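Here the structure comes first, spelled out in structure tokens, and everything after it is commentary.
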Amino acid sequence: MASLTHVCMWSDNGWKRITAEQAAKLHPGGTVSAHSGLFMCELCGQYVSLTDGTVQTRHFRHSAYEKSKNCPERIFGAGYSISYGSHEHELPIRITGVSSSSFRFEVGLIRAPISSLSKDFRIGIKPKGVMDAPYVFTKERLNCDSITYLSIGERPFEKYTLSFKNGSDKLREFWPTEINGMDPEGTLFERTSGKKLTYDADVEIEKEYYLLKRGHFHNKPYSSIQIQEIAQKQFGWETWRLYVISASTFCEEAARFFLDFHCRLTDYPVSLQPVWPLFVEGNYIVKHSQDSMYMLVKGNVATVKTFPSAAVRQLTHDRTQARLYEVLCSSRQQLISAGRTQALQYTYFWKEPLNQVGLPPEILVTDLSGSEVLPGKANTLPHSKVLLFKSTYDGELIISNKDHVVDKRKIYADKPLELDGISYGVSVQAVIGLDVVWQIDFQKQQSIIVNDEVEILKHISRVSGASIPAPHSLRNILAAMSRYPQICQWIRKCIKEGTINEQSYRRLQDAYRSMNIQGDKL
């Protein structure tokens, strides 16, 4: 019997591709089952075992008792080539309205060319096993230039079908006929966004997920997994329970736990990030106006694909870091995805003039060293008490002290303006037309006790307000604060989630500078 050829083994560093010959050298005697060695079939996400070699050459095989017999390699034979098409990009489903006795679901329809459709257009979403489509929506309900989330009720279903009335076949390039729903054996969702994880999705330690499951969750005690039931809901004879779960340790026990729900534990998840040229990014959409785009692709990715097919050129080849790709945008709508056995992350490039898609006026504010100054509240003054403004549009700066305007300055497109004399209590607004496009408030902060880690952590974490993307400087601060383990753990969490509260970041910077100043005095 030919050995399975798409097998991964868990090691201290995570999942690694392995052949039967390599595994035999690591396990020289007897059959190696899922209980004595952790092997996973990449194609179907189920455990496999390594035979003992007494009858045939040692090889990987599936169990006769596994739940699914639909592994492509089992059906089509050894050497099956991994591939997926444009219709295999799952529409996002998210869980919302979570309480102790309730939750509901929404499906996201990514942006599609619907502007030319008639007013009589209808879209219907029907759960598996239901006679008629209970969820019907008109064209007016859909967003023309962004994702649209539509309610699909409170009861979980394994599958949904999507149908059109007075529609166009071209819509099938964006919205598939069938939508994968919730697996009764267990489905994972990101807790922060509520988004359902796809098959073979990457999961991380210290990140919280929802686990939705029908019936009881008969779990054994885990040393590396935290599980808390937070909701349950009855649908006829079915009881569905919702849990919050997280892994505290990067270990085999945690890997086994997530593998049971067809997810892969990793410390380097797959992601797609456009970097150049100018673009506007939303959910599953990148608006641009150029003939090519540059993308950073991170994580364990087997392939980067485009639909319709277009040239994709890999510019860097370091497999342990983010790889840079150039994608030639051959059509107005270009789908790009990164995946392994199926698409894990994807987005659409929409080529259109950016000045027609609501791009806000751009203004760049820096200090004298050239470092960008972010809007919001600031507890430290810029270097030499000077701000530099560069705007692409004519506008006005309004300088206030408390509730009184003390000065106004005209700012002209592409002509830098220097504003000096910045002090605490001053507020600066950049106004273009009738819109405030940038504002900062300088407020003096009471000093904190830098040798009390608990107090520092409370000071930087107990805030409210808007969040910003996690700046690259967080990693530098993390490296310099190694003697504060609790603060480092909090910073790592922000880096993993990709966001940080703006006020928290300001306070963290102040604490970091204060620590450095004290260190210089010692």
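Every chain in the structure tokens has a letter given in the order shown (A, B, ...), and although residue numbers restart at 1 in each chain, ligands are simply numbered from 1 in the order shown.
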
Item to complete: Please provide as an MDAnalysis selection string all residues within 12 Å of Ala430 in chain A, with the sequence filter that same-chain residues fewer than 6 positions apart are discarded (counting only C-alpha atoms).
Response: chainID A and resid 361:365 375 388:391 393:400 408:412 417 419 436:440

Could those selected residues go to a file with C-alpha atoms, as a PDB file, in the first residue's frame?
ATOM      1  CA  PRO A 361      -7.665  63.981   2.734  1.00  0.00           C
ATOM      2  CA  GLU A 362      -4.163  63.037   3.710  1.00  0.00           C
ATOM      3  CA  ILE A 363      -2.066  64.905   6.234  1.00  0.00           C
ATOM      4  CA  LEU A 364       1.271  63.850   7.709  1.00  0.00           C
ATOM      5  CA  VAL A 365       2.424  65.247  11.060  1.00  0.00           C
ATOM      6  CA  PRO A 375      -3.494  62.027  16.619  1.00  0.00           C
ATOM      7  CA  LEU A 388       5.721  69.732  11.093  1.00  0.00           C
ATOM      8  CA  PHE A 389       2.598  69.449   8.886  1.00  0.00           C
ATOM      9  CA  LYS A 390       2.439  68.236   5.275  1.00  0.00           C
ATOM     10  CA  SER A 391      -0.972  68.185   3.589  1.00  0.00           C
ATOM     11  CA  TYR A 393      -5.036  69.741   0.357  1.00  0.00           C
ATOM     12  CA  ASP A 394      -5.377  73.387   1.411  1.00  0.00           C
ATOM     13  CA  GLY A 395      -6.706  73.729   4.930  1.00  0.00           C
ATOM     14  CA  GLU A 396      -6.338  75.380   8.310  1.00  0.00           C
ATOM     15  CA  LEU A 397      -4.712  74.678  11.677  1.00  0.00           C
ATOM     16  CA  ILE A 398      -6.679  75.717  14.760  1.00  0.00           C
ATOM     17  CA  ILE A 399      -4.683  76.052  17.985  1.00  0.00           C
ATOM     18  CA  SER A 400      -6.708  76.119  21.191  1.00  0.00           C
ATOM     19  CA  LYS A 408      -5.173  79.961  13.314  1.00  0.00           C
ATOM     20  CA  ARG A 409      -2.738  79.113  10.527  1.00  0.00           C
ATOM     21  CA  LYS A 410      -3.365  78.489   6.843  1.00  0.00           C
ATOM     22  CA  ILE A 411      -1.882  75.260   5.506  1.00  0.00           C
ATOM     23  CA  TYR A 412      -1.304  74.772   1.782  1.00  0.00           C
ATOM     24  CA  LEU A 417       4.185  74.166   7.799  1.00  0.00           C
ATOM     25  CA  LEU A 419       4.245  74.985  14.263  1.00  0.00           C
ATOM     26  CA  VAL A 436     -11.402  67.806  11.253  1.00  0.00           C
ATOM     27  CA  VAL A 437      -8.918  65.344   9.706  1.00  0.00           C
ATOM     28  CA  TRP A 438      -6.329  65.350  12.521  1.00  0.00           C
ATOM     29  CA  GLN A 439      -6.315  66.468  16.169  1.00  0.00           C
ATOM     30  CA  ILE A 440      -3.987  66.165  19.150  1.00  0.00           C
TER      31      ILE A 440
END

Item to complete: Find the spatial neighbours of Pro221 in chain A, counting only C-alpha atoms, within a cut-off of 12 Å - ignore same-chain residues fewer than 4 positions away - and output them as a list in words.
Response: Phe217, Ile225, Gln226, Ile227, Glu253, Ala254 and Phe257 of chain A

Response to the item:
Arg507 in chain A proximity check over A:Arg475, A:Lys305, A:Lys444, A:Arg492, using only C-alpha atoms: winner is A:Lys444

Item to complete: Would you mind telling me which residue in A:His472, A:Arg155, A:Arg141, A:Lys233 lies nearest to Gly498 in chain A when using only C-alpha atoms?
Response: A:His472

DSSP strand (DSSP E) residues within range 298-343 of chain A, as a PDB file with N, CA and C atoms, in the first residue's frame:
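So states14.pdb came out as:
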ATOM      1  N   LYS A 298       2.586  36.068   5.276  1.00  0.00           N
ATOM      2  CA  LYS A 298       3.248  35.503   6.445  1.00  0.00           C
ATOM      3  C   LYS A 298       2.706  34.116   6.757  1.00  0.00           C
ATOM      4  N   THR A 303       0.859  27.856  -1.046  1.00  0.00           N
ATOM      5  CA  THR A 303       0.637  28.455  -2.359  1.00  0.00           C
ATOM      6  C   THR A 303       0.001  29.823  -2.215  1.00  0.00           C
ATOM      7  N   VAL A 304       0.297  30.696  -3.175  1.00  0.00           N
ATOM      8  CA  VAL A 304      -0.364  31.987  -3.323  1.00  0.00           C
ATOM      9  C   VAL A 304      -0.986  31.986  -4.710  1.00  0.00           C
ATOM     10  N   LYS A 305      -2.313  32.169  -4.781  1.00  0.00           N
ATOM     11  CA  LYS A 305      -3.020  32.021  -6.047  1.00  0.00           C
ATOM     12  C   LYS A 305      -3.826  33.272  -6.362  1.00  0.00           C
ATOM     13  N   THR A 306      -4.108  33.457  -7.649  1.00  0.00           N
ATOM     14  CA  THR A 306      -4.943  34.568  -8.101  1.00  0.00           C
ATOM     15  C   THR A 306      -6.036  34.042  -9.013  1.00  0.00           C
ATOM     16  N   PHE A 307      -7.189  34.714  -8.997  1.00  0.00           N
ATOM     17  CA  PHE A 307      -8.326  34.406  -9.868  1.00  0.00           C
ATOM     18  C   PHE A 307      -8.934  35.735 -10.324  1.00  0.00           C
ATOM     19  N   VAL A 312       2.194  36.243 -10.526  1.00  0.00           N
ATOM     20  CA  VAL A 312       2.550  36.486  -9.128  1.00  0.00           C
ATOM     21  C   VAL A 312       4.044  36.204  -8.994  1.00  0.00           C
ATOM     22  N   ARG A 313       4.795  37.191  -8.561  1.00  0.00           N
ATOM     23  CA  ARG A 313       6.255  37.038  -8.482  1.00  0.00           C
ATOM     24  C   ARG A 313       6.707  37.166  -7.031  1.00  0.00           C
ATOM     25  N   GLN A 314       7.360  36.113  -6.514  1.00  0.00           N
ATOM     26  CA  GLN A 314       7.883  36.162  -5.158  1.00  0.00           C
ATOM     27  C   GLN A 314       9.217  36.888  -5.175  1.00  0.00           C
ATOM     28  N   ARG A 323       7.114  36.862   3.348  1.00  0.00           N
ATOM     29  CA  ARG A 323       7.603  36.910   1.976  1.00  0.00           C
ATOM     30  C   ARG A 323       6.877  38.003   1.207  1.00  0.00           C
ATOM     31  N   LEU A 324       7.619  38.709   0.395  1.00  0.00           N
ATOM     32  CA  LEU A 324       7.063  39.809  -0.389  1.00  0.00           C
ATOM     33  C   LEU A 324       6.731  39.317  -1.789  1.00  0.00           C
ATOM     34  N   TYR A 325       5.508  39.598  -2.248  1.00  0.00           N
ATOM     35  CA  TYR A 325       5.053  39.202  -3.578  1.00  0.00           C
ATOM     36  C   TYR A 325       4.619  40.433  -4.359  1.00  0.00           C
ATOM     37  N   GLU A 326       4.848  40.378  -5.659  1.00  0.00           N
ATOM     38  CA  GLU A 326       4.282  41.359  -6.576  1.00  0.00           C
ATOM     39  C   GLU A 326       3.168  40.673  -7.360  1.00  0.00           C
ATOM     40  N   VAL A 327       1.984  41.269  -7.362  1.00  0.00           N
ATOM     41  CA  VAL A 327       0.832  40.715  -8.063  1.00  0.00           C
ATOM     42  C   VAL A 327       0.446  41.676  -9.178  1.00  0.00           C
ATOM     43  N   LEU A 328       0.474  41.173 -10.416  1.00  0.00           N
ATOM     44  CA  LEU A 328       0.036  41.983 -11.543  1.00  0.00           C
ATOM     45  C   LEU A 328      -1.482  41.949 -11.613  1.00  0.00           C
ATOM     46  N   GLN A 333     -11.337  43.290 -11.022  1.00  0.00           N
ATOM     47  CA  GLN A 333     -11.483  42.534  -9.783  1.00  0.00           C
ATOM     48  C   GLN A 333     -10.506  41.366  -9.806  1.00  0.00           C
ATOM     49  N   GLN A 334      -9.594  41.344  -8.868  1.00  0.00           N
ATOM     50  CA  GLN A 334      -8.574  40.298  -8.810  1.00  0.00           C
ATOM     51  C   GLN A 334      -8.606  39.653  -7.428  1.00  0.00           C
ATOM     52  N   LEU A 335      -8.872  38.359  -7.373  1.00  0.00           N
ATOM     53  CA  LEU A 335      -8.883  37.626  -6.103  1.00  0.00           C
ATOM     54  C   LEU A 335      -7.493  37.069  -5.848  1.00  0.00           C
ATOM     55  N   ILE A 336      -6.944  37.312  -4.669  1.00  0.00           N
ATOM     56  CA  ILE A 336      -5.658  36.745  -4.285  1.00  0.00           C
ATOM     57  C   ILE A 336      -5.842  36.016  -2.964  1.00  0.00           C
ATOM     58  N   SER A 337      -5.253  34.819  -2.877  1.00  0.00           N
ATOM     59  CA  SER A 337      -5.427  34.020  -1.658  1.00  0.00           C
ATOM     60  C   SER A 337      -4.144  33.304  -1.318  1.00  0.00           C
ATOM     61  N   ALA A 338      -3.988  33.010  -0.028  1.00  0.00           N
ATOM     62  CA  ALA A 338      -2.861  32.225   0.486  1.00  0.00           C
ATOM     63  C   ALA A 338      -3.437  31.022   1.202  1.00  0.00           C
ATOM     64  N   GLY A 339      -2.907  29.847   0.922  1.00  0.00           N
ATOM     65  CA  GLY A 339      -3.471  28.656   1.537  1.00  0.00           C
ATOM     66  C   GLY A 339      -2.516  27.492   1.573  1.00  0.00           C
ATOM     67  N   ALA A 343      -7.899  27.566   0.702  1.00  0.00           N
ATOM     68  CA  ALA A 343      -7.655  28.975   0.976  1.00  0.00           C
ATOM     69  C   ALA A 343      -7.842  29.275   2.457  1.00  0.00           C
TER      70      ALA A 343
END

Item to complete: For CA of Trp175 in chain A and CA of Val136 in chain A, determine how far apart the two atoms are, in Å to one decimal place.
Response: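 Spanning CA of Trp175 in chain A to CA of Val136 in chain A is a straight-line distance of 15.0 Å.
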
Item to complete: Quick one: everything within 10 Å of range 179-181 of chain A, counting only C-alpha atoms, minus sequence neighbours fewer than 6 positions away in the same chain. Send it as JSON, numbers by chain.
Response: {"A": [88, 89, 90, 91, 92, 93, 105, 107, 125, 126, 127, 128, 156, 157, 158, 159, 160, 161, 162, 187, 196, 198, 199]}

Practice prompt. Find, counting only C-alpha atoms, the residue in A:Met9, A:Ala112, A:Leu171, A:Val98 that gets nearest to Tyr348 in chain A.
Written response: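 Closest candidate: A:Ala112.
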